[in-house]
>>> print(open('coords24.csv').read())   # CSV, C-alpha atoms
chain,number,residue,atom,x,y,z
A,272,MET,CA,-3.9,27.1,-46.1
A,273,SER,CA,-4.2,24.2,-48.5
A,274,PRO,CA,-6.3,21.1,-47.6
A,275,LYS,CA,-5.2,18.9,-44.7
A,276,SER,CA,-2.7,16.2,-45.1
A,277,SER,CA,-2.0,13.1,-43.1
A,278,THR,CA,1.8,13.5,-43.4
A,279,ALA,CA,3.9,14.8,-40.6
A,280,GLU,CA,7.6,15.6,-39.9
A,281,LEU,CA,9.5,15.1,-36.7
A,282,LEU,CA,12.1,17.7,-36.0
A,283,GLU,CA,14.9,17.2,-33.4
A,284,ILE,CA,15.3,20.6,-31.8
A,285,GLY,CA,17.8,20.6,-29.0
A,286,GLU,CA,16.8,17.8,-26.7
A,287,ARG,CA,13.1,18.0,-27.8
A,288,GLU,CA,11.2,16.3,-30.6
A,289,VAL,CA,8.5,18.4,-32.2
A,290,ARG,CA,5.9,17.0,-34.6
A,291,ILE,CA,5.0,19.2,-37.5
A,292,SER,CA,1.7,18.2,-38.9
A,293,SER,CA,1.0,18.7,-42.6
A,294,PRO,CA,4.4,20.2,-43.2
A,295,GLU,CA,3.8,20.8,-47.0
A,296,LYS,CA,0.6,22.8,-46.3
A,297,VAL,CA,0.9,26.1,-48.2
A,298,VAL,CA,0.6,29.0,-45.8
A,299,PHE,CA,1.7,31.9,-48.1
A,300,PRO,CA,0.6,31.0,-51.7
A,301,GLU,CA,2.1,34.2,-53.2
A,302,ALA,CA,5.4,33.8,-51.5
A,303,GLY,CA,5.4,30.0,-52.0
A,304,LEU,CA,5.9,29.2,-48.3
A,305,THR,CA,4.8,26.1,-46.6
A,306,LYS,CA,4.1,25.4,-42.9
A,307,LEU,CA,7.5,23.7,-42.6
A,308,ASP,CA,9.2,26.7,-44.3
A,309,LEU,CA,7.6,28.9,-41.6
A,310,VAL,CA,8.8,26.6,-38.8
A,311,ARG,CA,12.3,26.6,-40.3
A,312,TYR,CA,12.3,30.4,-40.6
A,313,TYR,CA,11.5,30.8,-36.9
A,314,LEU,CA,14.2,28.3,-36.0
A,315,ALA,CA,16.7,30.3,-38.0
A,316,VAL,CA,15.8,33.5,-36.2
A,317,ALA,CA,15.1,31.9,-32.8
A,318,ASP,CA,17.7,33.9,-31.0
A,319,GLY,CA,15.9,37.2,-31.9
A,320,ALA,CA,12.4,35.8,-31.8
A,321,LEU,CA,12.9,34.5,-28.3
A,322,ARG,CA,14.5,37.7,-27.1
A,323,GLY,CA,11.2,39.4,-28.0
A,324,ALA,CA,8.7,36.7,-27.0
A,325,GLY,CA,10.6,34.2,-24.8
A,326,GLY,CA,9.7,33.9,-21.1
A,327,ARG,CA,6.5,35.9,-21.6
A,328,PRO,CA,2.9,34.6,-21.5
A,329,MET,CA,1.4,34.9,-24.9
A,330,VAL,CA,-1.9,34.9,-26.7
A,331,LEU,CA,-2.0,32.2,-29.4
A,332,LYS,CA,-3.2,33.9,-32.6
A,333,ARG,CA,-4.1,30.9,-34.7
A,334,PHE,CA,-4.7,31.0,-38.5
A,335,VAL,CA,-6.1,27.6,-38.7
A,336,LYS,CA,-7.9,28.4,-42.0
A,337,GLY,CA,-5.1,30.3,-43.6
A,338,ILE,CA,-4.1,33.9,-44.0
A,339,ASP,CA,-7.2,34.8,-46.0
A,340,GLU,CA,-9.5,34.0,-43.0
A,341,GLU,CA,-9.6,35.8,-39.7
A,342,ALA,CA,-7.4,34.3,-37.0
A,343,PHE,CA,-8.9,33.4,-33.6
A,344,PHE,CA,-7.3,34.4,-30.4
A,345,GLN,CA,-6.7,31.6,-27.9
A,346,LYS,CA,-5.7,32.9,-24.5
A,347,ARG,CA,-5.8,29.6,-22.7
A,348,ALA,CA,-3.1,27.0,-23.3
A,349,PRO,CA,-4.3,23.9,-25.1
A,350,GLU,CA,-5.1,21.1,-22.7
A,351,LYS,CA,-3.1,18.7,-24.9
A,352,ARG,CA,0.4,20.0,-24.9
A,353,PRO,CA,3.9,18.5,-24.3
A,354,GLU,CA,4.8,18.4,-20.6
A,355,TRP,CA,7.7,20.7,-21.3
A,356,ILE,CA,5.5,23.6,-22.5
A,357,GLU,CA,5.3,26.1,-19.7
A,358,THR,CA,2.3,28.2,-18.7
A,359,ALA,CA,1.5,31.2,-16.5
A,360,THR,CA,-1.9,32.3,-15.2
A,361,LEU,CA,-2.9,35.9,-15.8
A,362,HIS,CA,-5.7,37.6,-13.8
A,363,TYR,CA,-7.7,40.4,-15.3
A,364,ALA,CA,-9.8,43.2,-13.8
A,365,SER,CA,-12.9,41.6,-15.1
A,366,GLY,CA,-12.3,38.7,-12.7
A,367,ASN,CA,-11.4,36.3,-15.5
A,368,SER,CA,-8.1,34.5,-15.7
A,369,ALA,CA,-6.2,32.6,-18.4
A,370,GLU,CA,-3.4,30.1,-18.2
A,371,GLU,CA,-1.3,31.2,-21.2
A,372,VAL,CA,1.6,29.5,-23.0
A,373,VAL,CA,5.1,30.6,-22.2
A,374,ILE,CA,7.8,29.7,-24.6
A,375,ARG,CA,11.4,29.4,-23.5
A,376,ASP,CA,13.3,27.7,-26.3
A,377,ALA,CA,13.4,27.0,-30.1
A,378,ALA,CA,11.4,23.8,-29.6
A,379,ALA,CA,8.5,25.6,-27.9
A,380,LEU,CA,8.7,28.2,-30.7
A,381,ALA,CA,8.3,25.5,-33.3
A,382,TRP,CA,5.4,24.0,-31.3
A,383,VAL,CA,3.3,27.2,-31.3
A,384,VAL,CA,4.0,27.8,-35.0
A,385,ASN,CA,2.7,24.2,-35.7
A,386,LEU,CA,-0.6,25.3,-34.0
A,387,GLY,CA,-1.1,27.8,-36.7
A,388,CYS,CA,0.5,30.8,-35.0
A,389,ILE,CA,2.0,33.0,-37.8
A,390,ASP,CA,3.0,35.9,-35.6
A,391,LEU,CA,3.9,35.9,-31.9
A,392,ASN,CA,1.9,38.0,-29.5
A,393,PRO,CA,3.5,38.1,-26.0
A,394,HIS,CA,2.4,40.3,-23.0
A,395,PRO,CA,5.0,42.9,-21.8
A,396,VAL,CA,5.7,41.0,-18.6
A,397,ARG,CA,7.9,38.1,-17.7
A,398,ALA,CA,6.3,34.9,-16.4
A,399,GLU,CA,8.2,35.4,-13.1
A,400,ASP,CA,6.5,38.7,-12.4
A,401,LEU,CA,3.1,39.1,-14.0
A,402,ASP,CA,2.2,42.4,-12.4
A,403,HIS,CA,5.1,44.6,-13.4
A,404,PRO,CA,5.9,45.0,-17.1
A,405,ASP,CA,9.5,45.2,-18.2
A,406,GLU,CA,8.7,46.5,-21.6
A,407,LEU,CA,7.0,49.7,-22.7
A,408,ARG,CA,5.6,49.7,-26.2
A,409,VAL,CA,5.4,52.8,-28.5
A,410,ASP,CA,3.1,51.9,-31.4
A,411,LEU,CA,3.3,54.4,-34.3
A,412,ASP,CA,0.0,53.7,-36.2
A,413,PRO,CA,-0.3,55.8,-39.4
A,414,MET,CA,-3.7,57.1,-40.4
A,415,PRO,CA,-4.8,56.6,-44.1
A,416,GLY,CA,-2.9,59.1,-46.3
A,417,VAL,CA,0.3,59.1,-44.2
A,418,ASP,CA,3.5,58.1,-45.9
A,419,TRP,CA,6.6,56.4,-44.5
A,420,ALA,CA,8.6,59.7,-44.3
A,421,GLN,CA,6.1,61.1,-41.8
A,422,ILE,CA,6.2,57.9,-39.7
A,423,VAL,CA,10.0,58.2,-39.6
A,424,ASP,CA,9.8,61.9,-38.6
A,425,VAL,CA,7.5,60.9,-35.7
A,426,ALA,CA,9.7,58.0,-34.7
A,427,MET,CA,12.8,60.3,-34.5
A,428,ILE,CA,10.8,62.7,-32.3
A,429,ALA,CA,9.7,59.7,-30.1
A,430,ARG,CA,13.4,58.7,-29.8
A,431,GLU,CA,14.2,62.2,-28.6
A,432,VAL,CA,11.4,62.2,-26.1
A,433,LEU,CA,12.6,58.8,-24.7
A,434,ALA,CA,16.2,60.0,-24.5
A,435,ASP,CA,15.2,63.2,-22.7
A,436,HIS,CA,13.5,61.0,-20.1
A,437,GLY,CA,16.5,58.6,-19.7
A,438,LEU,CA,15.1,55.8,-21.9
A,439,VAL,CA,16.4,53.9,-24.9
A,440,GLY,CA,14.1,53.0,-27.8
A,441,TRP,CA,14.6,50.1,-30.1
A,442,PRO,CA,12.8,50.5,-33.4
A,443,LYS,CA,11.3,47.8,-35.6
A,444,THR,CA,8.8,47.7,-38.4
A,445,SER,CA,5.4,46.6,-37.3
A,446,GLY,CA,5.2,44.2,-40.3
A,447,SER,CA,2.3,46.2,-41.6
A,448,ARG,CA,2.4,50.0,-42.4
A,449,GLY,CA,3.7,51.4,-39.1
A,450,MET,CA,6.5,51.1,-36.6
A,451,HIS,CA,7.1,49.9,-33.1
A,452,ILE,CA,9.6,51.2,-30.6
A,453,SER,CA,10.3,48.8,-27.7
A,454,VAL,CA,11.6,50.2,-24.5
A,455,ARG,CA,13.1,48.0,-21.7
A,456,ILE,CA,12.2,49.3,-18.3
A,457,GLU,CA,12.9,48.1,-14.8
A,458,PRO,CA,10.0,45.9,-13.6
A,459,ARG,CA,9.0,48.3,-10.7
A,460,TRP,CA,5.8,49.8,-12.0
A,461,ASP,CA,2.3,48.3,-12.5
A,462,TYR,CA,0.3,48.4,-15.7
A,463,HIS,CA,-1.5,51.6,-14.8
A,464,ASP,CA,1.8,53.5,-14.4
A,465,VAL,CA,3.3,52.0,-17.5
A,466,ARG,CA,0.3,53.0,-19.6
A,467,LEU,CA,0.4,56.5,-18.1
A,468,ALA,CA,4.1,56.8,-19.0
A,469,ALA,CA,3.2,55.6,-22.6
A,470,GLU,CA,0.4,58.2,-22.8
A,471,THR,CA,2.8,60.8,-21.6
A,472,ILE,CA,5.2,59.9,-24.4
A,473,ALA,CA,2.4,60.2,-26.9
A,474,ARG,CA,1.3,63.6,-25.6
A,475,GLU,CA,4.9,64.9,-25.6
A,476,VAL,CA,5.5,63.7,-29.2
A,477,GLU,CA,2.2,65.5,-30.2
A,478,LEU,CA,3.4,68.7,-28.5
A,479,ARG,CA,6.7,68.6,-30.4
A,480,ALA,CA,5.2,67.5,-33.7
A,481,PRO,CA,1.7,69.1,-34.0
A,482,GLY,CA,-0.1,67.9,-37.2
A,483,LEU,CA,2.4,65.1,-37.7
A,484,ALA,CA,1.6,63.1,-34.6
A,485,SER,CA,-1.5,62.6,-32.5
A,486,ALA,CA,-2.2,61.3,-29.0
A,487,ARG,CA,-5.9,61.7,-29.5
A,488,TRP,CA,-7.8,58.6,-28.5
A,489,TRP,CA,-10.7,59.2,-30.8
A,490,LYS,CA,-9.8,58.2,-34.3
A,491,GLU,CA,-11.9,60.8,-36.1
A,492,GLU,CA,-10.0,63.6,-34.4
A,493,ARG,CA,-6.5,62.6,-35.7
A,494,GLY,CA,-6.6,63.7,-39.3
A,495,GLU,CA,-3.7,62.6,-41.5
A,496,SER,CA,-1.3,62.0,-38.6
A,497,VAL,CA,0.6,59.2,-36.9
A,498,PHE,CA,-1.3,58.0,-33.9
A,499,VAL,CA,1.1,57.2,-31.0
A,500,ASP,CA,-1.0,54.3,-29.6
A,501,PHE,CA,-0.3,54.3,-25.9
A,502,ASN,CA,-3.2,51.8,-25.1
A,503,GLN,CA,-1.0,49.0,-26.4
A,504,ASN,CA,0.4,49.1,-22.9
A,505,ALA,CA,-3.0,48.1,-21.3
A,506,LYS,CA,-3.0,44.8,-19.4
A,507,ASP,CA,-5.1,42.9,-21.9
A,508,ARG,CA,-3.1,44.0,-25.0
A,509,THR,CA,-0.4,42.3,-26.9
A,510,VAL,CA,1.5,43.2,-30.1
A,511,ALA,CA,3.4,41.2,-32.7
A,512,SER,CA,6.9,40.8,-31.3
A,513,ALA,CA,10.3,41.0,-33.1
A,514,TYR,CA,10.7,38.7,-36.1
A,515,SER,CA,7.0,37.9,-36.2
A,516,VAL,CA,5.8,37.0,-39.7
A,517,ARG,CA,2.6,38.9,-40.5
A,518,ALA,CA,-0.4,37.4,-42.3
A,519,LEU,CA,0.1,39.4,-45.5
A,520,PRO,CA,0.5,37.9,-48.9
A,521,ASP,CA,4.2,38.8,-49.1
A,522,ALA,CA,5.0,37.2,-45.8
A,523,ARG,CA,6.2,40.4,-44.3
A,524,VAL,CA,8.2,40.4,-41.0
A,525,SER,CA,8.2,42.7,-38.0
A,526,THR,CA,11.9,43.5,-38.2
A,527,PRO,CA,14.2,45.2,-35.7
A,528,LEU,CA,16.3,48.0,-37.2
A,529,THR,CA,19.1,50.3,-36.1
A,530,TRP,CA,18.2,53.9,-35.9
A,531,ASN,CA,20.6,54.6,-38.8
A,532,GLU,CA,18.5,52.3,-41.0
A,533,VAL,CA,15.1,53.7,-40.2
A,534,ARG,CA,14.8,56.5,-42.7
A,535,ASP,CA,15.8,54.5,-45.7
A,536,SER,CA,13.8,51.4,-44.8
A,537,ARG,CA,10.4,50.3,-45.9
A,538,PRO,CA,8.2,47.7,-44.3
A,539,GLU,CA,7.7,45.8,-47.6
A,540,ARG,CA,11.5,45.2,-47.9
A,541,PHE,CA,11.4,42.8,-44.9
A,542,THR,CA,10.0,39.4,-45.8
A,543,VAL,CA,10.7,35.9,-44.7
A,544,SER,CA,13.3,35.5,-47.4
A,545,THR,CA,15.1,38.8,-47.0
A,546,VAL,CA,15.1,38.6,-43.2
A,547,LEU,CA,16.6,35.2,-43.3
A,548,GLU,CA,19.5,36.7,-45.3
A,549,ARG,CA,19.7,39.7,-43.0
A,550,PHE,CA,19.7,37.6,-39.8
A,551,ALA,CA,22.4,35.3,-41.2
A,552,GLU,CA,24.6,38.4,-42.0
A,553,LEU,CA,23.8,40.7,-39.0
A,554,GLY,CA,22.3,38.6,-36.3
A,555,ASP,CA,19.8,40.4,-34.1
A,556,VAL,CA,20.5,44.1,-34.2
A,557,ALA,CA,18.4,44.5,-31.1
A,558,ALA,CA,20.5,42.1,-29.1
A,559,GLY,CA,21.4,44.8,-26.6
A,560,ILE,CA,17.9,45.6,-25.5
A,561,ASP,CA,17.9,43.6,-22.3
A,562,ASP,CA,21.0,45.5,-21.1
A,563,ALA,CA,19.2,48.9,-21.5
A,564,ALA,CA,16.5,48.8,-18.9
A,565,GLY,CA,15.5,52.3,-17.7
A,566,SER,CA,13.4,54.1,-15.2
A,567,LEU,CA,9.9,55.7,-15.6
A,568,ASP,CA,10.4,58.2,-12.9
A,569,ALA,CA,11.1,61.1,-15.3
A,570,LEU,CA,8.1,60.3,-17.5
A,571,LEU,CA,5.8,60.0,-14.5
A,572,ARG,CA,6.9,63.4,-13.3
A,573,ARG,CA,6.2,64.8,-16.7
A,574,ALA,CA,2.7,63.2,-16.5
A,575,GLU,CA,2.1,65.2,-13.3
A,576,GLU,CA,3.2,68.4,-15.1
A,577,LEU,CA,0.9,67.9,-18.0
A,578,GLY,CA,-2.1,67.0,-15.9
A,579,PRO,CA,-5.0,64.7,-17.1
A,580,ALA,CA,-5.6,64.5,-20.9
A,581,GLU,CA,-8.5,66.4,-22.2
A,582,LYS,CA,-11.7,64.3,-22.4
A,583,PRO,CA,-14.6,64.8,-24.9
A,584,PRO,CA,-17.9,65.9,-23.4
A,585,PRO,CA,-20.4,63.3,-22.4
A,586,ARG,CA,-23.7,62.7,-24.3
A,587,GLY,CA,-26.8,64.4,-23.0
A,588,ASP,CA,-28.7,61.1,-22.7
A,589,GLY,CA,-27.3,60.2,-19.3
A,590,SER,CA,-25.4,57.2,-20.6
A,591,GLY,CA,-22.1,58.6,-19.6
A,592,ARG,CA,-20.7,57.8,-23.1
A,593,ARG,CA,-18.8,60.5,-24.9
A,594,ALA,CA,-20.2,62.8,-27.6
A,595,SER,CA,-18.0,63.0,-30.7
A,596,THR,CA,-17.0,66.4,-31.8
A,597,MET,CA,-17.1,65.3,-35.4
A,598,PRO,CA,-20.1,64.5,-37.7
A,599,LEU,CA,-19.8,60.8,-37.8
A,600,ILE,CA,-22.0,58.2,-39.4
A,601,GLU,CA,-21.6,54.4,-39.1
A,602,ILE,CA,-21.8,52.3,-42.2
A,603,ALA,CA,-21.4,48.7,-41.3
A,604,ARG,CA,-20.4,46.1,-38.7
A,605,THR,CA,-19.2,42.8,-40.2
A,606,LYS,CA,-17.4,39.6,-39.3
A,607,THR,CA,-14.7,40.0,-41.9
A,608,LYS,CA,-12.8,42.9,-43.5
A,609,PRO,CA,-13.9,42.0,-47.1
A,610,GLU,CA,-17.5,42.1,-46.0
A,611,ALA,CA,-16.9,45.5,-44.4
A,612,LEU,CA,-15.3,46.9,-47.6
A,613,ASP,CA,-18.1,45.6,-49.7
A,614,ALA,CA,-20.6,47.4,-47.4
A,615,LEU,CA,-18.6,50.5,-47.8
A,616,GLU,CA,-18.8,50.3,-51.6
A,617,ARG,CA,-22.5,49.9,-51.4
A,618,TRP,CA,-22.8,53.0,-49.3
A,619,LYS,CA,-20.5,54.9,-51.7
A,620,SER,CA,-22.7,53.9,-54.7
A,621,LYS,CA,-25.7,55.5,-52.9
A,622,HIS,CA,-23.8,58.7,-52.3
A,623,PRO,CA,-21.6,59.4,-55.3
A,624,GLU,CA,-21.7,63.2,-54.7
A,625,VAL,CA,-20.1,62.8,-51.3
A,626,VAL,CA,-17.2,60.4,-52.1
A,627,PRO,CA,-15.0,63.0,-53.9
A,628,LEU,CA,-15.2,65.3,-50.8
A,629,LEU,CA,-13.8,62.7,-48.4
A,630,GLU,CA,-10.2,62.7,-47.3
A,631,PRO,CA,-8.4,59.3,-46.9
A,632,ALA,CA,-8.5,59.6,-43.1
A,633,ASP,CA,-12.3,60.3,-43.1
A,634,VAL,CA,-13.1,56.7,-43.9
A,635,MET,CA,-12.3,54.6,-40.8
A,636,VAL,CA,-12.1,50.9,-41.0
A,637,ASP,CA,-11.6,49.5,-37.4
A,638,GLY,CA,-10.6,46.0,-36.5
A,639,MET,CA,-12.4,45.5,-33.2
A,640,ARG,CA,-11.7,42.8,-30.6
A,641,GLY,CA,-14.5,40.3,-30.1
A,642,SER,CA,-14.5,37.5,-27.6
A,643,SER,CA,-12.0,35.4,-29.6
A,644,SER,CA,-11.6,37.1,-32.9
A,645,LEU,CA,-11.7,40.4,-34.7
A,646,TRP,CA,-14.8,42.0,-36.2
A,647,TYR,CA,-14.9,45.1,-38.3
A,648,ARG,CA,-16.6,48.5,-38.1
A,649,ILE,CA,-16.7,51.2,-40.7
A,650,ARG,CA,-17.5,54.8,-40.0
A,651,VAL,CA,-17.3,57.9,-42.1
A,652,ASN,CA,-16.4,61.4,-40.8
A,653,LEU,CA,-18.3,64.0,-42.8
A,654,GLN,CA,-16.2,66.9,-41.6
A,655,HIS,CA,-15.1,67.8,-45.2
A,656,VAL,CA,-18.7,67.6,-46.6
A,657,PRO,CA,-20.8,70.8,-46.5
A,658,GLU,CA,-23.5,70.4,-43.9
A,659,ALA,CA,-26.3,70.6,-46.4
A,660,GLN,CA,-24.8,67.7,-48.3
A,661,ARG,CA,-24.2,65.3,-45.4
A,662,PRO,CA,-26.0,62.0,-45.5
A,663,GLN,CA,-28.0,61.2,-42.4
A,664,GLN,CA,-27.4,58.1,-40.3
A,665,ALA,CA,-29.2,55.2,-42.0
A,666,PRO,CA,-29.7,51.5,-41.2
A,667,LEU,CA,-26.3,49.8,-41.4
A,668,GLU,CA,-25.3,48.2,-44.7
A,669,ALA,CA,-24.4,45.2,-42.6
A,670,ASP,CA,-25.1,44.7,-38.9
A,671,TYR,CA,-23.1,41.8,-37.5
A,672,ASP,CA,-23.4,41.3,-33.7
A,673,PRO,CA,-20.0,39.8,-32.5
A,674,TRP,CA,-21.6,39.1,-29.1
A,675,ALA,CA,-24.7,37.2,-30.3
A,676,GLY,CA,-25.3,34.4,-27.9
A,677,ARG,CA,-22.3,35.4,-25.7
A,678,SER,CA,-23.9,37.9,-23.3
A,679,ASP,CA,-21.2,37.2,-20.7
A,680,ASP,CA,-18.5,38.5,-23.0
A,681,ARG,CA,-20.3,41.6,-24.1
A,682,PRO,CA,-18.3,44.7,-23.0
A,683,SER,CA,-20.0,47.1,-20.6
A,684,LYS,CA,-21.0,50.5,-22.0
>>> encode(input="coords24.csv", output="structure tokens")
Amino acid sequence: MSPKSSTAELLEIGEREVRISSPEKVVFPEAGLTKLDLVRYYLAVADGALRGAGGRPMVLKRFVKGIDEEAFFQKRAPEKRPEWIETATLHYASGNSAEEVVIRDAAALAWVVNLGCIDLNPHPVRAEDLDHPDELRVDLDPMPGVDWAQIVDVAMIAREVLADHGLVGWPKTSGSRGMHISVRIEPRWDYHDVRLAAETIAREVELRAPGLASARWWKEERGESVFVDFNQNAKDRTVASAYSVRALPDARVSTPLTWNEVRDSRPERFTVSTVLERFAELGDVAAGIDDAAGSLDALLRRAEELGPAEKPPPRGDGSGRRASTMPLIEIARTKTKPEALDALERWKSKHPEVVPLLEPADVMVDGMRGSSSLWYRIRVNLQHVPEAQRPQQAPLEADYDPWAGRSDDRPSK
């Protein structure tokens, strides 16, 4: 974002008054969108945005330094907030808890955007029942080298799997390269069962589309497939909800689609400007989602039929950690993605004979959750490199420790 300004604009939204600080601050330079433009976008699509995020506790993903800098994740609601901003307290298996923001109306929506939230990241539960999700999320995450047509093919198979088990899927672009399918469910199952149901969907899709789709948890084993990411249904996970603007230069939007639109759509077609026109013409094409809540009983029965998913063998060092079946080496751990990509280029320059042998999916750039922000890890799968030519694991090109000085937040191994 551009430098801070002392100006502000007061918006009358319903019966609320919301102060927008630095309204002329440029948020998307390429698209020419200011902070006030972003607020006005969300007000224009508030009916759809609140259908996706309203009434749910949400993590505040704040881009206080602009879209070119990493956001930080704020679970706890700001202490200084209007009295009409609701909260709900979530409790996690770690023993930690967080009092998170719950938005109910357009004024609250504008308030969180003013904090620097570009996209909305709600949990799949309602504030009235924090232990029983009413939304199952199918996240279709393409590996490098996968085109839109393959994502669509997998989405259509996922739709069939859902229908075969008595559920209705509502597709939307993720706002990046992939696709989300939202599924309303009756709030009768806990997180464990919902995640198990999502994993069952993933495994069933993989069975019906071998090579196109993957339910394999370990990234190096997926190849050029679409990963059906069932872990987005874990208790601590959130995803960008409907009509969320994503922090990409073109101000791309996670946009609900009808199934008839899916094949001929492309994520890059849906930006703030085009979605404003679309919403004015069509309204929210997912408006019926709340009337389509279904049961997980059939999926959970299928989970019993399939049995537990195959797990990789443990290491022989007694740590209990898994041993990869692929020849992996780690290249770098960095605070930002540009730093990670620079480290990768340094590694490539040291091994020019290896680079032409790598497939797109062999280079894995992972955004990893730290205590309050993402950090990045790069690994290379040498499966397509003859064994005699494979570089050995060497000291990392960059070795950032996201938990330095935060021992209490470091995940257990």
>>> residues_around(input="coords24.csv", residues="Ala611 (chain A)", least_positions_apart="5", cutoff="12 Å", atoms="only C-alpha atoms", output="PyMOL selection string")
chain A and resi 601-606+616-618+634-638+646-650+667-671
>>> closest_atom_pairs(input="coords24.csv", of="region 363-464 of chain A", to="region 480-490 of chain A", cutoff="10 Å", atoms="only C-alpha atoms", output="Markdown table")
| residue | atom | partner | partner_atom | distance |
| --- | --- | --- | --- | --- |
| A:Leu411 | CA | A:Ala484 | CA | 8.9 |
| A:Asp412 | CA | A:Ala484 | CA | 9.7 |
| A:Pro413 | CA | A:Ala484 | CA | 8.9 |
| A:Met414 | CA | A:Lys490 | CA | 8.7 |
| A:Val417 | CA | A:Leu483 | CA | 9.1 |
| A:Gln421 | CA | A:Leu483 | CA | 6.8 |
| A:Ile422 | CA | A:Leu483 | CA | 8.4 |
| A:Asp424 | CA | A:Leu483 | CA | 8.1 |
| A:Val425 | CA | A:Ala484 | CA | 6.4 |
| A:Ala426 | CA | A:Ala484 | CA | 9.6 |
| A:Ile428 | CA | A:Ala480 | CA | 7.5 |
| A:Ala429 | CA | A:Ala480 | CA | 9.7 |
>>> atom_distance(input="coords24.csv", atom1="CA of Val533 (chain A)", atom2="CA of Ile456 (chain A)")
22.5 Å
>>> atom_distance(input="coords24.csv", atom1="CA of Asp500 (chain A)", atom2="CA of Pro415 (chain A)")
15.2 Å
>>> residues_around(input="coords24.csv", residues="Asn652 (chain A)", least_positions_apart="2", cutoff="7 Å", atoms="all atoms listed in the file", output="PyMOL selection string")
chain A and resi 491+597-600+633-634+650+654
>>> closest_atom_pairs(input="coords24.csv", of="region 536-634 of chain A", to="region 310-323 of chain A", cutoff="9 Å", atoms="all atoms listed in the file", output="Markdown table")
| residue | atom | partner | partner_atom | distance |
| --- | --- | --- | --- | --- |
| A:Val543 | CA | A:Tyr312 | CA | 7.0 |
| A:Ser544 | CA | A:Tyr312 | CA | 8.6 |
| A:Val546 | CA | A:Val316 | CA | 8.7 |
| A:Leu547 | CA | A:Tyr312 | CA | 7.0 |
| A:Phe550 | CA | A:Val316 | CA | 6.7 |
| A:Ala551 | CA | A:Ala315 | CA | 8.2 |
| A:Gly554 | CA | A:Gly319 | CA | 7.9 |
| A:Asp555 | CA | A:Gly319 | CA | 5.5 |
| A:Val556 | CA | A:Gly319 | CA | 8.6 |
| A:Ala557 | CA | A:Gly319 | CA | 7.8 |
| A:Ala558 | CA | A:Gly319 | CA | 7.3 |
| A:Ile560 | CA | A:Arg322 | CA | 8.7 |
| A:Asp561 | CA | A:Arg322 | CA | 8.3 |
>>> closest_residue(input="coords24.csv", among="A:Ala522, A:Leu577, A:Val510, A:Val335", to="Leu478 (chain A)", atoms="only C-alpha atoms")
A:Leu577
>>> closest_atom_pairs(input="coords24.csv", of="region 482-518 of chain A", to="region 376-391 of chain A", cutoff="7 Å", atoms="all atoms listed in the file", output="Markdown table")
| residue | atom | partner | partner_atom | distance |
| --- | --- | --- | --- | --- |
| A:Ala511 | CA | A:Leu391 | CA | 5.4 |
| A:Ser512 | CA | A:Leu391 | CA | 5.8 |
| A:Ser515 | CA | A:Asp390 | CA | 4.5 |
| A:Val516 | CA | A:Asp390 | CA | 5.1 |
| A:Arg517 | CA | A:Asp390 | CA | 5.8 |
| A:Ala518 | CA | A:Ile389 | CA | 6.7 |
>>> residues_near_point(input="coords24.csv", point="(17.2, 17.2, -26.6)", cutoff="12 Å", atoms="all atoms listed in the file", output="NGL selection string")
:A and (282-289 or 355 or 376-378)
>>> build_atoms(input="coords24.csv", residues="region 495-501 of chain A", atoms="N, CA, C and O atoms", output="mmCIF file, keeping the file's coordinate frame")
data_model
loop_
_atom_site.group_PDB
_atom_site.id
_atom_site.type_symbol
_atom_site.label_atom_id
_atom_site.label_comp_id
_atom_site.auth_asym_id
_atom_site.auth_seq_id
_atom_site.Cartn_x
_atom_site.Cartn_y
_atom_site.Cartn_z
ATOM 1 N N GLU A 495 -4.761 63.329 -40.827
ATOM 2 C CA GLU A 495 -3.700 62.600 -41.500
ATOM 3 C C GLU A 495 -2.434 62.651 -40.628
ATOM 4 O O GLU A 495 -1.469 63.335 -40.982
ATOM 5 N N SER A 496 -2.449 61.951 -39.519
ATOM 6 C CA SER A 496 -1.300 62.000 -38.600
ATOM 7 C C SER A 496 -0.901 60.561 -38.247
ATOM 8 O O SER A 496 -1.519 59.586 -38.666
ATOM 9 N N VAL A 497 0.172 60.468 -37.481
ATOM 10 C CA VAL A 497 0.600 59.200 -36.900
ATOM 11 C C VAL A 497 0.124 59.120 -35.495
ATOM 12 O O VAL A 497 0.485 59.953 -34.659
ATOM 13 N N PHE A 498 -0.731 58.159 -35.211
ATOM 14 C CA PHE A 498 -1.300 58.000 -33.900
ATOM 15 C C PHE A 498 -0.226 57.256 -33.016
ATOM 16 O O PHE A 498 0.216 56.157 -33.369
ATOM 17 N N VAL A 499 0.167 57.850 -31.909
ATOM 18 C CA VAL A 499 1.100 57.200 -31.000
ATOM 19 C C VAL A 499 0.197 56.425 -29.989
ATOM 20 O O VAL A 499 -0.328 56.974 -29.022
ATOM 21 N N ASP A 500 0.018 55.141 -30.285
ATOM 22 C CA ASP A 500 -1.000 54.300 -29.600
ATOM 23 C C ASP A 500 -0.493 53.846 -28.258
ATOM 24 O O ASP A 500 0.136 52.796 -28.146
ATOM 25 N N PHE A 501 -0.790 54.607 -27.225
ATOM 26 C CA PHE A 501 -0.300 54.300 -25.900
ATOM 27 C C PHE A 501 -1.124 53.144 -25.254
ATOM 28 O O PHE A 501 -0.663 52.489 -24.311
#
